[in-house]
Every structure is written in C-alpha cells, then in structure tokens.
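A.B. asks: Structure below; questions to follow.
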Amino acid sequence: MEQFAPIVKTYYDGLEEGKILARKCNRCGTVMYPPMPVCPECSSTDTHWIPLCQEAKLLDFDLMAKSHVWEHIQPFGPIYWGEVELEEGPSLTAIVIGIKDPDAVRARLPVPVKAEIIQDDGFKSVLFRFEE
C-alpha cells in the first residue's frame, strides 16, 4: 500500500491548489482517473501527472438514496449518482448535482457536466455539476 501514498498525496495536494489531476501512461496513453500507480490497460508503471480540463459528459444517473447523502453535501441536493465520461477518456461513477428536472435531462443524455472541487468534511473532493 505504500506505493499509493505519493499518488494519494499529490492528488489531494492538487485539489487544494484547485487542480484535478490524473495519471497518463507513457506506454499506451491511457488516462487514469482516479489516479493509479499501474496502467489498467498495459500494466506499465511508466506514468506521469496531467491536469484534467474538468469538462465531462453525463451518460446516465440515478437519485442517491437519502441514507447515502453525507450531511455536508445535502445543501447541494438533490444528489445523484452518475456515470460520467471525462473529456480525456476515463469514465467513472461520481456524485452529480444541479439536476432539477431529471426526466428532461434523461431525455437529452448524454449532457455536459463540469467537475467541481468542494470542501468535503476536512478535505477537498470532486463532484460534477449539471447546469441547465
């Protein structure tokens, strides 16, 4: 687990500076977000840091159960889980806010969302905002 410590520290230091960082494989070009020490495509450890542009597409979403919504993000509500594809390529499940009319948004998928850094109970975290 010690090999993860520098990656975790650099990632969270970047968030503190207002940057969302990923790793990019020097061998095959795969972008890894969240950052990982080994490329999931070719198993290379030859990677480097890149900043993400914060633009993404929301591919699908579902309302997050109230029991899963942390108190410090409730003011952003309603809160959704969403399948998000970053402009740089990776897809991930992430928190999505800003959806006021879910039926209208679902009819238009995929729709643009933007990554946003928030203060998250003692550290910075990333969520994605849909703006109508």
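Identifiers in the structure tokens: chain A, B, ... in order shown; residue index from 1 per chain; ligand index from 1 in order shown.
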Would you mind listing what lies within 12 Å of A:Gly18 as a PyMOL selection string, with only C-alpha atoms counted and same-chain residues fewer than 6 positions away left out?

C.D. replies: chain A and resi 11-12+51-54+115-119+124-126

A.B. asks: Taking N, CA, C and O atoms for each residue, export the selection above as a JSON list (two decimals), in the first residue's frame.

C.D. replies:
```json
[["chain", "number", "residue", "atom", "x", "y", "z"],
["A", 11, "TYR", "N", -2.40, 13.86, -5.48],
["A", 11, "TYR", "CA", -3.77, 14.11, -5.93],
["A", 11, "TYR", "C", -4.47, 15.12, -5.02],
["A", 11, "TYR", "O", -5.03, 16.11, -5.48],
["A", 12, "TYR", "N", -4.42, 14.89, -3.71],
["A", 12, "TYR", "CA", -5.11, 15.79, -2.77],
["A", 12, "TYR", "C", -4.40, 17.14, -2.66],
["A", 12, "TYR", "O", -5.08, 18.17, -2.48],
["A", 51, "PRO", "N", -3.13, 17.50, -15.75],
["A", 51, "PRO", "CA", -4.33, 18.15, -15.20],
["A", 51, "PRO", "C", -5.53, 17.79, -16.08],
["A", 51, "PRO", "O", -5.41, 17.68, -17.30],
["A", 52, "LEU", "N", -6.68, 17.62, -15.46],
["A", 52, "LEU", "CA", -7.90, 17.38, -16.22],
["A", 52, "LEU", "C", -8.56, 18.72, -16.54],
["A", 52, "LEU", "O", -8.49, 19.66, -15.76],
["A", 53, "CYS", "N", -9.22, 18.79, -17.68],
["A", 53, "CYS", "CA", -9.84, 20.05, -18.10],
["A", 53, "CYS", "C", -11.15, 20.31, -17.36],
["A", 53, "CYS", "O", -11.67, 21.41, -17.42],
["A", 54, "GLN", "N", -11.69, 19.35, -16.68],
["A", 54, "GLN", "CA", -12.91, 19.43, -15.88],
["A", 54, "GLN", "C", -14.19, 19.35, -16.69],
["A", 54, "GLN", "O", -15.27, 19.40, -16.14],
["A", 115, "ALA", "N", -16.65, 19.24, -13.72],
["A", 115, "ALA", "CA", -16.08, 18.85, -12.43],
["A", 115, "ALA", "C", -15.95, 20.09, -11.55],
["A", 115, "ALA", "O", -15.62, 21.18, -12.03],
["A", 116, "GLU", "N", -16.19, 19.89, -10.28],
["A", 116, "GLU", "CA", -16.12, 20.98, -9.32],
["A", 116, "GLU", "C", -15.45, 20.45, -8.05],
["A", 116, "GLU", "O", -15.78, 19.35, -7.59],
["A", 117, "ILE", "N", -14.54, 21.22, -7.51],
["A", 117, "ILE", "CA", -13.86, 20.85, -6.27],
["A", 117, "ILE", "C", -14.62, 21.49, -5.12],
["A", 117, "ILE", "O", -14.89, 22.69, -5.13],
["A", 118, "ILE", "N", -14.98, 20.67, -4.13],
["A", 118, "ILE", "CA", -15.70, 21.17, -2.96],
["A", 118, "ILE", "C", -14.93, 20.81, -1.69],
["A", 118, "ILE", "O", -14.11, 19.89, -1.70],
["A", 119, "GLN", "N", -15.22, 21.54, -0.63],
["A", 119, "GLN", "CA", -14.69, 21.19, 0.68],
["A", 119, "GLN", "C", -15.53, 20.04, 1.21],
["A", 119, "GLN", "O", -16.75, 20.14, 1.25],
["A", 124, "LYS", "N", -10.63, 18.22, 0.38],
["A", 124, "LYS", "CA", -11.29, 18.57, -0.88],
["A", 124, "LYS", "C", -11.74, 17.29, -1.58],
["A", 124, "LYS", "O", -11.13, 16.24, -1.45],
["A", 125, "SER", "N", -12.83, 17.41, -2.35],
["A", 125, "SER", "CA", -13.37, 16.29, -3.09],
["A", 125, "SER", "C", -13.90, 16.81, -4.42],
["A", 125, "SER", "O", -14.07, 18.01, -4.60],
["A", 126, "VAL", "N", -14.18, 15.90, -5.34],
["A", 126, "VAL", "CA", -14.67, 16.27, -6.67],
["A", 126, "VAL", "C", -16.08, 15.74, -6.86],
["A", 126, "VAL", "O", -16.37, 14.60, -6.53]]
```

A.B. asks: Hey, which bits of stretch 16-42 of chain A sit within 12 Å of stretch 90-109 of chain A, and for each residue what's the closest pair of atoms and how far apart in Å (one decimal), counting only C-alpha atoms, rows by chain and increasing number, as CSV?

C.D. replies:
```
residue,atom,partner,partner_atom,distance
A:Ala22,CA,A:Pro90,CA,9.8
A:Arg23,CA,A:Pro90,CA,10.8
A:Lys24,CA,A:Pro90,CA,10.7
A:Gly29,CA,A:Pro90,CA,11.5
A:Thr30,CA,A:Pro90,CA,8.3
A:Val31,CA,A:Pro90,CA,6.4
A:Met32,CA,A:Pro90,CA,6.5
A:Tyr33,CA,A:Pro90,CA,6.4
A:Pro34,CA,A:Leu92,CA,8.4
A:Pro35,CA,A:Pro90,CA,10.6
A:Pro40,CA,A:Pro90,CA,11.3
A:Glu41,CA,A:Pro90,CA,11.8
```

A.B. asks: Now that the selection is made, can you save its residues with N, CA and C atoms as an mmCIF file, in the first residue's frame?

C.D. replies:
```cif
data_model
loop_
_atom_site.group_PDB
_atom_site.id
_atom_site.type_symbol
_atom_site.label_atom_id
_atom_site.label_comp_id
_atom_site.auth_asym_id
_atom_site.auth_seq_id
_atom_site.Cartn_x
_atom_site.Cartn_y
_atom_site.Cartn_z
ATOM 1 N N ALA A 22 -4.807 13.653 -12.954
ATOM 2 C CA ALA A 22 -4.918 12.244 -13.340
ATOM 3 C C ALA A 22 -3.520 11.761 -13.697
ATOM 4 N N ARG A 23 -3.382 10.457 -13.920
ATOM 5 C CA ARG A 23 -2.128 9.878 -14.401
ATOM 6 C C ARG A 23 -2.336 9.455 -15.838
ATOM 7 N N LYS A 24 -1.298 9.616 -16.648
ATOM 8 C CA LYS A 24 -1.342 9.185 -18.048
ATOM 9 C C LYS A 24 -0.187 8.236 -18.300
ATOM 10 N N GLY A 29 -0.822 5.546 -23.454
ATOM 11 C CA GLY A 29 -1.609 6.779 -23.497
ATOM 12 C C GLY A 29 -2.885 6.764 -22.686
ATOM 13 N N THR A 30 -3.179 5.688 -21.976
ATOM 14 C CA THR A 30 -4.391 5.618 -21.161
ATOM 15 C C THR A 30 -4.340 6.656 -20.048
ATOM 16 N N VAL A 31 -5.438 7.368 -19.867
ATOM 17 C CA VAL A 31 -5.566 8.324 -18.766
ATOM 18 C C VAL A 31 -6.294 7.624 -17.630
ATOM 19 N N MET A 32 -5.728 7.737 -16.426
ATOM 20 C CA MET A 32 -6.273 7.053 -15.261
ATOM 21 C C MET A 32 -6.817 8.059 -14.258
ATOM 22 N N TYR A 33 -8.114 8.023 -14.060
ATOM 23 C CA TYR A 33 -8.765 8.822 -13.029
ATOM 24 C C TYR A 33 -9.859 7.987 -12.409
ATOM 25 N N PRO A 34 -9.812 7.827 -11.097
ATOM 26 C CA PRO A 34 -8.812 8.337 -10.176
ATOM 27 C C PRO A 34 -7.415 7.806 -10.511
ATOM 28 N N PRO A 35 -6.390 8.574 -10.117
ATOM 29 C CA PRO A 35 -5.018 8.174 -10.452
ATOM 30 C C PRO A 35 -4.624 6.848 -9.817
ATOM 31 N N PRO A 40 -4.107 0.291 -16.138
ATOM 32 C CA PRO A 40 -5.009 -0.858 -16.207
ATOM 33 C C PRO A 40 -5.064 -1.499 -17.596
ATOM 34 N N GLU A 41 -4.549 -0.818 -18.606
ATOM 35 C CA GLU A 41 -4.565 -1.351 -19.976
ATOM 36 C C GLU A 41 -3.337 -2.173 -20.310
#
```

A.B. asks: Using DSSP assignments from the backbone, pull out every residue in chain A that falls under strand (DSSP E) and give it to me as a ChimeraX atom specification.

C.D. replies: /A:21-25,31-32,47-51,55-63,80-86,91-97,111-120,123-129

A.B. asks: If DSSP is run on the backbone, what residues of chain A are alpha helix (DSSP H)? A reply as a ChimeraX atom specification would be ideal.

C.D. replies: /A:5-16,102-108

A.B. asks: Have a look at atom CA of A:Leu63 and atom CA of A:Ile79 and let me know their distance in Å, one decimal.

C.D. replies: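 Going from atom CA of A:Leu63 over to atom CA of A:Ile79 covers 6.3 Å.
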
A.B. asks: Residues near A:Asp62, anyone? I mean within 9 Å using only C-alpha atoms, not counting same-chain ones fewer than 2 positions away, as a tab-separated table (two decimals) with all heavy atoms, in the first residue's frame.

C.D. replies:
```tsv
chain	number	residue	atom	x	y	z
A	60	ASP	N	-25.46	8.68	-17.69
A	60	ASP	CA	-26.65	8.14	-17.04
A	60	ASP	C	-26.59	8.57	-15.57
A	60	ASP	O	-25.52	8.94	-15.08
A	60	ASP	CB	-26.69	6.62	-17.14
A	60	ASP	CG	-28.07	6.04	-16.90
A	60	ASP	OD1	-29.04	6.82	-16.76
A	60	ASP	OD2	-28.19	4.81	-16.83
A	64	MET	N	-29.59	9.47	-5.58
A	64	MET	CA	-28.89	8.83	-4.47
A	64	MET	C	-29.86	8.70	-3.30
A	64	MET	O	-30.57	9.66	-2.98
A	64	MET	CB	-27.66	9.66	-4.07
A	64	MET	CG	-26.79	9.00	-3.03
A	64	MET	SD	-25.41	10.03	-2.48
A	64	MET	CE	-24.40	10.09	-3.92
A	79	ILE	N	-29.18	14.99	-4.82
A	79	ILE	CA	-27.88	14.41	-5.14
A	79	ILE	C	-28.10	13.13	-5.96
A	79	ILE	O	-28.92	12.30	-5.61
A	79	ILE	CB	-27.08	14.06	-3.86
A	79	ILE	CG1	-27.04	15.25	-2.89
A	79	ILE	CG2	-25.69	13.56	-4.20
A	79	ILE	CD1	-26.31	16.46	-3.39
A	80	TYR	N	-27.32	13.00	-7.02
A	80	TYR	CA	-27.43	11.84	-7.90
A	80	TYR	C	-26.09	11.11	-7.98
A	80	TYR	O	-25.03	11.73	-7.83
A	80	TYR	CB	-27.83	12.28	-9.32
A	80	TYR	CG	-29.22	12.85	-9.37
A	80	TYR	CD1	-29.44	14.19	-9.11
A	80	TYR	CD2	-30.31	12.05	-9.68
A	80	TYR	CE1	-30.72	14.73	-9.13
A	80	TYR	CE2	-31.59	12.57	-9.71
A	80	TYR	CZ	-31.79	13.91	-9.43
A	80	TYR	OH	-33.06	14.42	-9.46
A	81	TRP	N	-26.15	9.80	-8.24
A	81	TRP	CA	-25.00	9.04	-8.70
A	81	TRP	C	-25.05	9.12	-10.21
A	81	TRP	O	-26.12	8.94	-10.80
A	81	TRP	CB	-25.10	7.56	-8.30
A	81	TRP	CG	-24.80	7.27	-6.88
A	81	TRP	CD1	-25.66	6.75	-5.96
A	81	TRP	CD2	-23.55	7.41	-6.20
A	81	TRP	NE1	-25.03	6.58	-4.76
A	81	TRP	CE2	-23.72	6.99	-4.88
A	81	TRP	CE3	-22.29	7.89	-6.59
A	81	TRP	CZ2	-22.70	7.01	-3.94
A	81	TRP	CZ3	-21.27	7.90	-5.65
A	81	TRP	CH2	-21.49	7.47	-4.35
A	82	GLY	N	-23.92	9.38	-10.85
A	82	GLY	CA	-23.93	9.45	-12.30
A	82	GLY	C	-22.75	8.73	-12.92
A	82	GLY	O	-21.67	8.66	-12.32
A	102	PRO	N	-35.17	15.72	-13.65
A	102	PRO	CA	-34.48	14.50	-14.09
A	102	PRO	C	-35.04	13.91	-15.39
A	102	PRO	O	-34.27	13.41	-16.20
A	102	PRO	CB	-34.63	13.53	-12.94
A	102	PRO	CG	-35.40	14.20	-11.89
A	102	PRO	CD	-35.69	15.60	-12.29
```

A.B. asks: Ranking A:Ile50, A:Pro75, A:Cys25, A:Cys42 by minimum distance to A:Thr10 and counting only C-alpha atoms, which one comes first?

C.D. replies: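 Closest to A:Thr10, using only C-alpha atoms: A:Ile50.
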
A.B. asks: Would you please work out which residue, of A:Arg27, A:Leu86, A:Asp120, A:Pro110, is nearest to A:Trp70 when using only C-alpha atoms?

C.D. replies: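 Of A:Arg27, A:Leu86, A:Asp120, A:Pro110, the one nearest A:Trp70 is A:Asp120, counting only C-alpha atoms.
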
A.B. asks: State, in Å with one decimal place, the distance from atom CA of A:Leu58 to atom CA of A:Glu87.

C.D. replies: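 Atom-to-atom, atom CA of A:Leu58 and atom CA of A:Glu87 are spaced 10.9 Å apart.
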
A.B. asks: Given only C-alpha atoms as the basis, pick out the residue of A:Val84, A:Ala5, A:Cys28, A:Ile20 nearest to A:Ala56.

C.D. replies: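 Closest residue, counting only C-alpha atoms: A:Val84.
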
A.B. asks: Please indicate the distance in Å from atom CA of A:Ile7 to atom CA of A:Ile73, rounded to one decimal place.

C.D. replies: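 If I compute the distance from atom CA of A:Ile7 to atom CA of A:Ile73, I get 25.4 Å.
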